[in-house]
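Worksheet: one structure, shown below.
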Amino acid sequence: MKNGYIFEYLDENDFRKKERSVRKYNMLAYKKLTFSYYPELRSGKFLGEEVNRNDKDKTVSYELQLPTDELFKKVHGPIVLHYTVYTEKNIILLTNITPEGILDEGHRAELSTYKGVMISKTNPEKDMFKINLLNMLNK
């Protein structure tokens with residue numbers, strides 16, 4: 001692995017919880033992440049949008065948007081992988097997957113879905129209202 005990059009985690013337990021939540025509620029995004037994006041990142045092809053560059057530490061931060069249903073995006077926001085590349089050390093630091101709130105909640109408890117979108121247990125009326133409103137607007 002001469003030019004390969006190694007994955008490290010800011011908080012591996014937290015990251016894995018969110019990753020499992022993505023797997024449970026959005027299998028397409030999980031498969032794309034695992035079988036397409038991770039191998040490309042390891043090979044040195046950095047995907048997504050560059051959000052920060054630190055020349056002193058020689059790091060570059062990226063945000064990679066995962067495939068997400070349009071209705072889910074409008075209710076909870078897009079699913080985004082956040083990572084930082086340490087160019088001199090050949091390390092990719094996987095920092096976070098957002099939206100944090102619904103992914104954490106999805107890991108802690110079995111969330112119900114309404115019209116294909118995860119519904120938060122803390123405020124289900126708000127999520128269902130958003131979904132119904134968006135469906136009415138799209139008709």
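Identifiers in the structure tokens: chain A, B, ... in order shown; residue index from 1 per chain; ligand index from 1 in order shown.
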Produce a table with one row for each residue of stretch 6-45 of chain A that has an atom at most 12 Å from any atom of stretch 118-129 of chain A, each row naming the nearest atom pair and its distance in Å at one decimal; use only C-alpha atoms; arrange rows by chain and rising residue number; format as a Markdown table.
| residue | atom | partner | partner_atom | distance |
| --- | --- | --- | --- | --- |
| A:Ser21 | CA | A:Met118 | CA | 10.9 |
| A:Val22 | CA | A:Met118 | CA | 11.1 |
| A:Lys24 | CA | A:Met118 | CA | 10.7 |
| A:Tyr25 | CA | A:Met118 | CA | 7.5 |
| A:Asn26 | CA | A:Met118 | CA | 9.9 |
Please list as an MDAnalysis selection string every residue within 7 Å of stretch 59-71 of chain A, counting only C-alpha atoms and excluding residues in the same chain fewer than 2 positions away.
chainID A and resid 28:29 47:55 57 73:75 78:87
Grab the residues selected above and save them as a PDB file, in the first residue's frame with N, CA and C atoms.
ATOM      1  N   LEU A  28     -29.156   2.228   0.093  1.00  0.00           N
ATOM      2  CA  LEU A  28     -28.465   2.696  -1.109  1.00  0.00           C
ATOM      3  C   LEU A  28     -27.255   3.559  -0.737  1.00  0.00           C
ATOM      4  N   ALA A  29     -27.458   4.497   0.180  1.00  0.00           N
ATOM      5  CA  ALA A  29     -26.357   5.364   0.615  1.00  0.00           C
ATOM      6  C   ALA A  29     -25.260   4.539   1.277  1.00  0.00           C
ATOM      7  N   LEU A  47     -13.410  12.694  -2.802  1.00  0.00           N
ATOM      8  CA  LEU A  47     -14.723  13.005  -3.337  1.00  0.00           C
ATOM      9  C   LEU A  47     -15.410  14.082  -2.515  1.00  0.00           C
ATOM     10  N   GLY A  48     -16.373  14.724  -3.117  1.00  0.00           N
ATOM     11  CA  GLY A  48     -17.154  15.717  -2.395  1.00  0.00           C
ATOM     12  C   GLY A  48     -16.588  17.108  -2.579  1.00  0.00           C
ATOM     13  N   GLU A  49     -17.084  17.992  -1.748  1.00  0.00           N
ATOM     14  CA  GLU A  49     -16.746  19.404  -1.843  1.00  0.00           C
ATOM     15  C   GLU A  49     -15.692  19.762  -0.794  1.00  0.00           C
ATOM     16  N   GLU A  50     -14.643  20.439  -1.230  1.00  0.00           N
ATOM     17  CA  GLU A  50     -13.610  20.893  -0.296  1.00  0.00           C
ATOM     18  C   GLU A  50     -14.184  22.065   0.509  1.00  0.00           C
ATOM     19  N   VAL A  51     -14.151  21.944   1.840  1.00  0.00           N
ATOM     20  CA  VAL A  51     -14.726  23.001   2.674  1.00  0.00           C
ATOM     21  C   VAL A  51     -13.682  23.780   3.456  1.00  0.00           C
ATOM     22  N   ASN A  52     -12.496  23.203   3.615  1.00  0.00           N
ATOM     23  CA  ASN A  52     -11.468  23.880   4.401  1.00  0.00           C
ATOM     24  C   ASN A  52     -10.097  23.348   4.000  1.00  0.00           C
ATOM     25  N   ARG A  53      -9.118  24.248   3.949  1.00  0.00           N
ATOM     26  CA  ARG A  53      -7.745  23.838   3.651  1.00  0.00           C
ATOM     27  C   ARG A  53      -6.838  24.531   4.666  1.00  0.00           C
ATOM     28  N   ASN A  54      -5.987  23.737   5.309  1.00  0.00           N
ATOM     29  CA  ASN A  54      -5.054  24.275   6.285  1.00  0.00           C
ATOM     30  C   ASN A  54      -3.641  23.936   5.812  1.00  0.00           C
ATOM     31  N   ASP A  55      -2.963  24.925   5.245  1.00  0.00           N
ATOM     32  CA  ASP A  55      -1.627  24.683   4.702  1.00  0.00           C
ATOM     33  C   ASP A  55      -0.586  24.447   5.796  1.00  0.00           C
ATOM     34  N   ASP A  57      -1.053  22.825   8.774  1.00  0.00           N
ATOM     35  CA  ASP A  57      -1.149  21.420   9.209  1.00  0.00           C
ATOM     36  C   ASP A  57      -1.154  20.449   8.037  1.00  0.00           C
ATOM     37  N   LYS A  73     -34.368  14.601   2.291  1.00  0.00           N
ATOM     38  CA  LYS A  73     -33.538  15.811   2.281  1.00  0.00           C
ATOM     39  C   LYS A  73     -34.334  17.024   2.735  1.00  0.00           C
ATOM     40  N   LYS A  74     -35.575  17.119   2.269  1.00  0.00           N
ATOM     41  CA  LYS A  74     -36.383  18.286   2.602  1.00  0.00           C
ATOM     42  C   LYS A  74     -36.836  18.284   4.056  1.00  0.00           C
ATOM     43  N   VAL A  75     -36.994  17.087   4.631  1.00  0.00           N
ATOM     44  CA  VAL A  75     -37.450  16.998   6.027  1.00  0.00           C
ATOM     45  C   VAL A  75     -36.285  17.075   7.006  1.00  0.00           C
ATOM     46  N   PRO A  78     -29.721  16.656   3.825  1.00  0.00           N
ATOM     47  CA  PRO A  78     -28.980  15.597   3.123  1.00  0.00           C
ATOM     48  C   PRO A  78     -28.093  14.807   4.086  1.00  0.00           C
ATOM     49  N   ILE A  79     -27.800  13.569   3.710  1.00  0.00           N
ATOM     50  CA  ILE A  79     -26.864  12.754   4.484  1.00  0.00           C
ATOM     51  C   ILE A  79     -25.472  13.064   3.934  1.00  0.00           C
ATOM     52  N   VAL A  80     -24.591  13.551   4.819  1.00  0.00           N
ATOM     53  CA  VAL A  80     -23.266  14.024   4.392  1.00  0.00           C
ATOM     54  C   VAL A  80     -22.170  13.366   5.227  1.00  0.00           C
ATOM     55  N   LEU A  81     -21.150  12.861   4.532  1.00  0.00           N
ATOM     56  CA  LEU A  81     -19.958  12.321   5.189  1.00  0.00           C
ATOM     57  C   LEU A  81     -18.942  13.450   5.291  1.00  0.00           C
ATOM     58  N   HIS A  82     -18.446  13.703   6.497  1.00  0.00           N
ATOM     59  CA  HIS A  82     -17.425  14.739   6.734  1.00  0.00           C
ATOM     60  C   HIS A  82     -16.097  14.035   7.008  1.00  0.00           C
ATOM     61  N   TYR A  83     -15.056  14.436   6.282  1.00  0.00           N
ATOM     62  CA  TYR A  83     -13.738  13.836   6.516  1.00  0.00           C
ATOM     63  C   TYR A  83     -12.621  14.830   6.243  1.00  0.00           C
ATOM     64  N   THR A  84     -11.481  14.559   6.866  1.00  0.00           N
ATOM     65  CA  THR A  84     -10.304  15.415   6.719  1.00  0.00           C
ATOM     66  C   THR A  84      -9.142  14.561   6.233  1.00  0.00           C
ATOM     67  N   VAL A  85      -8.419  15.066   5.252  1.00  0.00           N
ATOM     68  CA  VAL A  85      -7.278  14.344   4.688  1.00  0.00           C
ATOM     69  C   VAL A  85      -5.990  14.982   5.193  1.00  0.00           C
ATOM     70  N   TYR A  86      -5.150  14.157   5.810  1.00  0.00           N
ATOM     71  CA  TYR A  86      -3.806  14.588   6.219  1.00  0.00           C
ATOM     72  C   TYR A  86      -2.858  14.156   5.098  1.00  0.00           C
ATOM     73  N   THR A  87      -2.526  15.092   4.218  1.00  0.00           N
ATOM     74  CA  THR A  87      -1.822  14.760   2.982  1.00  0.00           C
ATOM     75  C   THR A  87      -0.426  14.188   3.208  1.00  0.00           C
TER      76      THR A  87
END
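Between atom CA of A:Ala109 and atom CA of A:Leu133 lies a distance of 25.9 Å.
Distance annotation: of A:His76, A:Lys45, A:Lys32, A:Lys115, the residue with the minimal separation from A:Thr98 is A:His76; atom set is only C-alpha atoms.
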Go through A:Tyr5, A:Asp14, A:Ile131, A:Arg23 one by one, measure the shortest atom-to-atom distance of each to A:Asp104 using only C-alpha atoms, and give the residue with the smallest value.
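Going through A:Tyr5, A:Asp14, A:Ile131, A:Arg23 one by one, the smallest distance to A:Asp104 is for A:Asp14.
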Record the distance separating atom CA of A:Asn13 and atom CA of A:Leu103, expressed in Å with one decimal.
13.3 Å
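Among the candidates A:Met27, A:Leu41, A:Leu134, A:Val117, the one nearest to A:Ile92 when counting only C-alpha atoms is A:Leu41.
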Report the residues of stretch 4-119 of chain A whose backbone DSSP state falls under strand (DSSP E), written as number ranges by chain.
A: 6-9, 49-54, 59-65, 80-86, 91-98, 113-114, 117-118
Could those residues be written to a file, using N, CA, C and O atoms, as a short mmCIF file (atom, residue, chain, number, x, y, z; two decimals), in the first residue's frame?
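The resulting file, part01.cif, is shown below:
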data_model
loop_
_atom_site.label_atom_id
_atom_site.label_comp_id
_atom_site.auth_asym_id
_atom_site.auth_seq_id
_atom_site.Cartn_x
_atom_site.Cartn_y
_atom_site.Cartn_z
N ILE A 6 -5.05 5.53 4.93
CA ILE A 6 -5.59 4.75 6.06
C ILE A 6 -6.72 5.56 6.67
O ILE A 6 -6.62 6.77 6.81
N PHE A 7 -7.78 4.86 7.07
CA PHE A 7 -8.89 5.53 7.76
C PHE A 7 -8.63 5.56 9.26
O PHE A 7 -8.22 4.57 9.85
N GLU A 8 -8.86 6.71 9.85
CA GLU A 8 -8.88 6.86 11.30
C GLU A 8 -10.15 7.62 11.64
O GLU A 8 -10.78 8.21 10.76
N TYR A 9 -10.53 7.59 12.90
CA TYR A 9 -11.80 8.18 13.32
C TYR A 9 -11.61 9.21 14.40
O TYR A 9 -10.78 9.01 15.29
N GLU A 49 -17.08 17.99 -1.75
CA GLU A 49 -16.75 19.40 -1.84
C GLU A 49 -15.69 19.76 -0.79
O GLU A 49 -15.84 19.43 0.38
N GLU A 50 -14.64 20.44 -1.23
CA GLU A 50 -13.61 20.89 -0.30
C GLU A 50 -14.18 22.07 0.51
O GLU A 50 -14.66 23.03 -0.07
N VAL A 51 -14.15 21.94 1.84
CA VAL A 51 -14.73 23.00 2.67
C VAL A 51 -13.68 23.78 3.46
O VAL A 51 -13.95 24.89 3.90
N ASN A 52 -12.50 23.20 3.61
CA ASN A 52 -11.47 23.88 4.40
C ASN A 52 -10.10 23.35 4.00
O ASN A 52 -9.93 22.16 3.78
N ARG A 53 -9.12 24.25 3.95
CA ARG A 53 -7.74 23.84 3.65
C ARG A 53 -6.84 24.53 4.67
O ARG A 53 -6.94 25.73 4.87
N ASN A 54 -5.99 23.74 5.31
CA ASN A 54 -5.05 24.28 6.28
C ASN A 54 -3.64 23.94 5.81
O ASN A 54 -3.18 22.80 5.96
N THR A 59 -3.69 19.86 5.90
CA THR A 59 -4.94 19.10 5.92
C THR A 59 -5.95 19.75 4.97
O THR A 59 -5.90 20.95 4.73
N VAL A 60 -6.84 18.91 4.45
CA VAL A 60 -7.94 19.38 3.61
C VAL A 60 -9.20 18.69 4.10
O VAL A 60 -9.22 17.47 4.26
N SER A 61 -10.25 19.47 4.38
CA SER A 61 -11.52 18.92 4.85
C SER A 61 -12.53 18.88 3.71
O SER A 61 -12.60 19.82 2.91
N TYR A 62 -13.28 17.80 3.66
CA TYR A 62 -14.27 17.60 2.61
C TYR A 62 -15.63 17.25 3.20
O TYR A 62 -15.72 16.73 4.32
N GLU A 63 -16.68 17.50 2.40
CA GLU A 63 -18.03 17.04 2.71
C GLU A 63 -18.53 16.31 1.48
O GLU A 63 -18.59 16.88 0.39
N LEU A 64 -18.91 15.05 1.67
CA LEU A 64 -19.41 14.22 0.56
C LEU A 64 -20.87 13.90 0.80
O LEU A 64 -21.22 13.25 1.79
N GLN A 65 -21.73 14.36 -0.11
CA GLN A 65 -23.16 14.12 0.03
C GLN A 65 -23.47 12.72 -0.47
O GLN A 65 -23.11 12.35 -1.59
N VAL A 80 -24.59 13.55 4.82
CA VAL A 80 -23.27 14.02 4.39
C VAL A 80 -22.17 13.37 5.23
O VAL A 80 -22.26 13.32 6.45
N LEU A 81 -21.15 12.86 4.53
CA LEU A 81 -19.96 12.32 5.19
C LEU A 81 -18.94 13.45 5.29
O LEU A 81 -18.63 14.10 4.29
N HIS A 82 -18.45 13.70 6.50
CA HIS A 82 -17.42 14.74 6.73
C HIS A 82 -16.10 14.04 7.01
O HIS A 82 -16.04 13.15 7.87
N TYR A 83 -15.06 14.44 6.28
CA TYR A 83 -13.74 13.84 6.52
C TYR A 83 -12.62 14.83 6.24
O TYR A 83 -12.81 15.81 5.53
N THR A 84 -11.48 14.56 6.87
CA THR A 84 -10.30 15.42 6.72
C THR A 84 -9.14 14.56 6.23
O THR A 84 -8.92 13.47 6.75
N VAL A 85 -8.42 15.07 5.25
CA VAL A 85 -7.28 14.34 4.69
C VAL A 85 -5.99 14.98 5.19
O VAL A 85 -5.80 16.19 5.07
N TYR A 86 -5.15 14.16 5.81
CA TYR A 86 -3.81 14.59 6.22
C TYR A 86 -2.86 14.16 5.10
O TYR A 86 -2.46 13.00 5.03
N ILE A 91 -3.36 9.85 5.81
CA ILE A 91 -4.44 9.47 6.71
C ILE A 91 -5.70 10.23 6.33
O ILE A 91 -5.65 11.42 6.03
N ILE A 92 -6.82 9.51 6.35
CA ILE A 92 -8.13 10.14 6.19
C ILE A 92 -8.83 10.01 7.52
O ILE A 92 -9.07 8.89 8.00
N LEU A 93 -9.15 11.14 8.13
CA LEU A 93 -9.85 11.16 9.41
C LEU A 93 -11.34 11.30 9.14
O LEU A 93 -11.80 12.33 8.67
N LEU A 94 -12.09 10.22 9.40
CA LEU A 94 -13.54 10.26 9.22
C LEU A 94 -14.12 10.93 10.46
O LEU A 94 -14.03 10.39 11.56
N THR A 95 -14.69 12.11 10.30
CA THR A 95 -15.10 12.90 11.46
C THR A 95 -16.57 12.74 11.82
O THR A 95 -16.90 12.67 12.99
N ASN A 96 -17.47 12.72 10.81
CA ASN A 96 -18.89 12.74 11.16
C ASN A 96 -19.76 12.36 9.97
O ASN A 96 -19.32 12.44 8.82
N ILE A 97 -20.99 11.96 10.28
CA ILE A 97 -22.04 11.81 9.28
C ILE A 97 -23.22 12.63 9.78
O ILE A 97 -23.62 12.48 10.93
N THR A 98 -23.74 13.51 8.94
CA THR A 98 -24.88 14.33 9.35
C THR A 98 -26.07 14.02 8.46
O THR A 98 -25.88 13.52 7.35
N THR A 113 -41.50 4.97 10.05
CA THR A 113 -41.41 5.78 8.84
C THR A 113 -42.80 6.19 8.41
O THR A 113 -43.78 5.50 8.70
N TYR A 114 -42.87 7.30 7.76
CA TYR A 114 -44.13 7.79 7.23
C TYR A 114 -43.87 8.22 5.79
O TYR A 114 -43.03 9.09 5.56
N VAL A 117 -40.14 8.15 4.94
CA VAL A 117 -39.18 9.03 5.63
C VAL A 117 -39.19 8.71 7.12
O VAL A 117 -40.26 8.51 7.71
N MET A 118 -38.01 8.68 7.74
CA MET A 118 -37.90 8.42 9.17
C MET A 118 -38.61 9.52 9.95
O MET A 118 -38.48 10.70 9.62
#
Figure out the distance between atom CA of A:Lys130 and atom CA of A:Phe72, please, to one decimal in Å.
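Atom-to-atom, atom CA of A:Phe72 and atom CA of A:Lys130 are spaced 10.2 Å apart.
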Smallest atom-to-atom distance to A:Gly4: which of A:Ser43, A:Asn132, A:Asn138, A:Ser112, using only C-alpha atoms?
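Answer, going by the shortest atom-to-atom distance: A:Ser43.
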DSSP says helix (DSSP H, G or I) for which residues of stretch 5-139 of chain A? Put them as JSON, numbers by chain?
{"A": [12, 13, 14, 15, 16, 17, 18, 19, 20, 21, 22, 23, 24, 25, 27, 28, 29, 30, 31, 32, 33, 34, 35, 36, 37, 38, 39, 40, 41, 42, 43, 70, 71, 72, 73, 74, 75, 76, 100, 101, 102, 103, 104, 105, 106, 107, 108, 124, 125, 126, 127, 128, 129, 130, 131, 132, 133, 134, 135, 136, 137, 138]}
Find, counting only C-alpha atoms, the residue in A:Lys31, A:Arg20, A:Lys58, A:Arg42 that gets nearest to A:Glu88.
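Nearest candidate to A:Glu88 out of A:Lys31, A:Arg20, A:Lys58, A:Arg42: A:Lys58.
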